[in-house]
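The file protein-v6.cif contains mmCIF, C-alpha atoms:
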```cif
data_entry
#
loop_
_atom_site.label_atom_id
_atom_site.label_comp_id
_atom_site.auth_asym_id
_atom_site.auth_seq_id
_atom_site.Cartn_x
_atom_site.Cartn_y
_atom_site.Cartn_z
CA THR A 1 19.37 -139.10 -140.15
CA ARG A 2 22.70 -140.73 -139.46
CA SER A 3 22.69 -144.29 -138.13
CA LEU A 4 24.56 -144.96 -134.92
CA GLU A 5 24.38 -148.77 -135.19
CA GLY A 6 27.32 -150.36 -133.39
CA LYS A 7 28.09 -147.21 -131.40
CA VAL A 8 27.82 -146.78 -127.63
CA ALA A 9 26.59 -143.51 -126.14
CA LEU A 10 27.05 -142.44 -122.53
CA VAL A 11 24.35 -139.96 -121.54
CA THR A 12 24.47 -138.16 -118.21
CA GLY A 13 21.34 -136.62 -116.75
CA ALA A 14 19.34 -139.22 -118.68
CA SER A 15 16.32 -139.28 -116.36
CA ARG A 16 14.82 -135.97 -117.48
CA GLY A 17 15.05 -132.96 -119.73
CA LEU A 18 17.73 -132.74 -122.39
CA GLY A 19 19.48 -135.93 -121.25
CA LYS A 20 16.25 -137.94 -121.54
CA ALA A 21 15.46 -136.46 -124.96
CA LEU A 22 19.01 -137.15 -126.13
CA SER A 23 18.77 -140.74 -124.93
CA VAL A 24 15.56 -141.26 -126.89
CA GLU A 25 17.06 -139.84 -130.09
CA LEU A 26 20.34 -141.73 -129.80
CA GLY A 27 18.43 -144.96 -129.17
CA ARG A 28 16.17 -144.25 -132.16
CA ARG A 29 19.28 -143.96 -134.31
CA GLY A 30 20.52 -147.36 -133.14
CA ALA A 31 23.10 -146.52 -130.47
CA ARG A 32 23.51 -148.74 -127.43
CA LEU A 33 22.89 -146.53 -124.41
CA VAL A 34 24.57 -146.18 -121.06
CA MET A 35 22.20 -143.88 -119.18
CA VAL A 36 23.43 -142.16 -116.01
CA ALA A 37 21.46 -140.03 -113.56
CA ARG A 38 21.58 -139.05 -109.91
CA ASP A 39 18.00 -140.20 -109.33
CA ARG A 40 17.80 -143.96 -109.86
CA VAL A 41 14.00 -144.06 -109.59
CA ALA A 42 13.60 -141.32 -112.21
CA LEU A 43 16.02 -143.17 -114.49
CA GLU A 44 14.06 -146.40 -114.09
CA ASN A 45 10.84 -144.48 -114.79
CA ALA A 46 12.36 -143.06 -117.99
CA ALA A 47 13.16 -146.60 -119.16
CA ALA A 48 9.68 -147.81 -118.16
CA ASP A 49 8.11 -144.94 -120.13
CA ARG A 50 9.94 -146.09 -123.25
CA ILE A 51 8.73 -149.68 -122.82
CA GLU A 52 5.15 -148.57 -122.12
CA SER A 53 5.17 -146.38 -125.21
CA ALA A 54 6.36 -149.32 -127.33
CA VAL A 55 3.59 -151.58 -126.00
CA HIS A 56 0.93 -148.98 -126.81
CA LYS A 57 2.35 -148.42 -130.28
CA VAL A 58 2.50 -152.14 -131.13
CA LEU A 59 -1.06 -152.65 -129.91
CA SER A 60 -2.47 -149.61 -131.69
CA GLU A 61 -0.52 -149.69 -134.97
CA THR A 62 -0.08 -153.38 -135.75
CA SER A 63 -2.25 -156.48 -135.87
CA ILE A 64 0.12 -158.43 -133.63
CA ARG A 65 -1.89 -159.77 -130.70
CA THR A 66 -1.38 -162.78 -128.48
CA ARG A 67 -4.33 -165.08 -127.81
CA ASP A 68 -5.14 -163.41 -124.49
CA LEU A 69 -5.54 -160.14 -126.44
CA GLY A 70 -7.77 -161.73 -129.08
CA GLY A 71 -5.07 -162.49 -131.64
CA THR A 72 -3.11 -165.42 -132.99
CA ALA A 73 0.51 -164.30 -132.49
CA THR A 74 2.84 -166.26 -130.26
CA THR A 75 4.41 -164.63 -127.24
CA SER A 76 7.73 -164.65 -129.12
CA GLU A 77 6.20 -162.80 -132.08
CA PHE A 78 4.72 -160.16 -129.77
CA THR A 79 8.01 -159.81 -127.88
CA ASP A 80 9.93 -159.48 -131.15
CA ALA A 81 7.56 -156.70 -132.25
CA LEU A 82 8.10 -154.89 -128.95
CA VAL A 83 11.88 -155.18 -129.23
CA ARG A 84 11.77 -153.83 -132.80
CA GLU A 85 9.66 -150.89 -131.66
CA ILE A 86 11.92 -150.11 -128.69
CA GLU A 87 14.97 -150.25 -130.93
CA ALA A 88 13.29 -148.01 -133.51
CA ALA A 89 12.02 -145.50 -130.94
#
```
Please re-express this file's structure in structure tokens.
Amino acid sequence: TRSLEGKVALVTGASRGLGKALSVELGRRGARLVMVARDRVALENAAADRIESAVHKVLSETSIRTRDLGGTATTSEFTDALVREIEAA
């Protein structure tokens, strides 16, 4: 899989279908994304889905938990783990 670190990708139709799938894959490979769609709400939902997925993955696959979730990690450590997961997704 070729890295796209340092590259910028403009994806049209990014709120659903092929454009959404392409956005996910380009982001997984490290590209910075400019996502464009006619439906702003659907585009925002696509971004929210990615964040929600990262939260679930960090909570289910790592031991990083803040005190309110029964762990010892700082908020910064939890946030860093989320950012890493979003960038890797």
Please list as a PyMOL selection string every residue within 12 Å of A:Arg40, counting all atoms listed in the file and excluding residues in the same chain fewer than 6 positions away. chain A and resi 13-16+46-47
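Atom CA of A:Ser3 is positioned 8.0 Å from atom CA of A:Ala31.
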Residue by residue, what does the PyMOL selection byres ((chain A and resi 54) around 8) grab here? Present the result as a ChimeraX atom specification. /A:50-53,55-58,82,85-86,89
Selection export as a PDB file, in the frame of the given file, atoms kept: C-alpha atoms:
```
ATOM      1  CA  ARG A  50       9.940-146.090-123.250  1.00  0.00           C
ATOM      2  CA  ILE A  51       8.730-149.680-122.820  1.00  0.00           C
ATOM      3  CA  GLU A  52       5.150-148.570-122.120  1.00  0.00           C
ATOM      4  CA  SER A  53       5.170-146.380-125.210  1.00  0.00           C
ATOM      5  CA  VAL A  55       3.590-151.580-126.000  1.00  0.00           C
ATOM      6  CA  HIS A  56       0.930-148.980-126.810  1.00  0.00           C
ATOM      7  CA  LYS A  57       2.350-148.420-130.280  1.00  0.00           C
ATOM      8  CA  VAL A  58       2.500-152.140-131.130  1.00  0.00           C
ATOM      9  CA  LEU A  82       8.100-154.890-128.950  1.00  0.00           C
ATOM     10  CA  GLU A  85       9.660-150.890-131.660  1.00  0.00           C
ATOM     11  CA  ILE A  86      11.920-150.110-128.690  1.00  0.00           C
ATOM     12  CA  ALA A  89      12.020-145.500-130.940  1.00  0.00           C
TER      13      ALA A  89
END
```
Two-atom distance - atom CA of A:Arg2, atom CA of A:Leu43 (Å):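 Pair atom CA of A:Arg2 / atom CA of A:Leu43 returns 26.0 Å.
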Gap from atom CA of A:Asp39 to atom CA of A:Ala9 - Å, one decimal: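 Separation of atom CA of A:Asp39 and atom CA of A:Ala9: 19.2 Å.
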Starting from the displayed file, determine the output of the PyMOL selection byres ((chain A and resi 27) around 9) and express the residue list as number ranges by chain. A: 4, 9, 22-26, 28-33, 86-89
Just give me the residues with any atom within 9 Å of (25.1, -137.3, -117.6), file coordinates, counting only C-alpha atoms, written as a list in words.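 Output: Leu10, Val11, Thr12, Gly13, Ala14, Gly19, Met35, Val36, Ala37 and Arg38 of chain A.
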When you count only C-alpha atoms, which of these residues is closest to A:Asp49: A:Lys20, A:Thr1, A:Thr75, A:Ile64?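 Residue with the minimum atom-to-atom distance to A:Asp49: A:Lys20.
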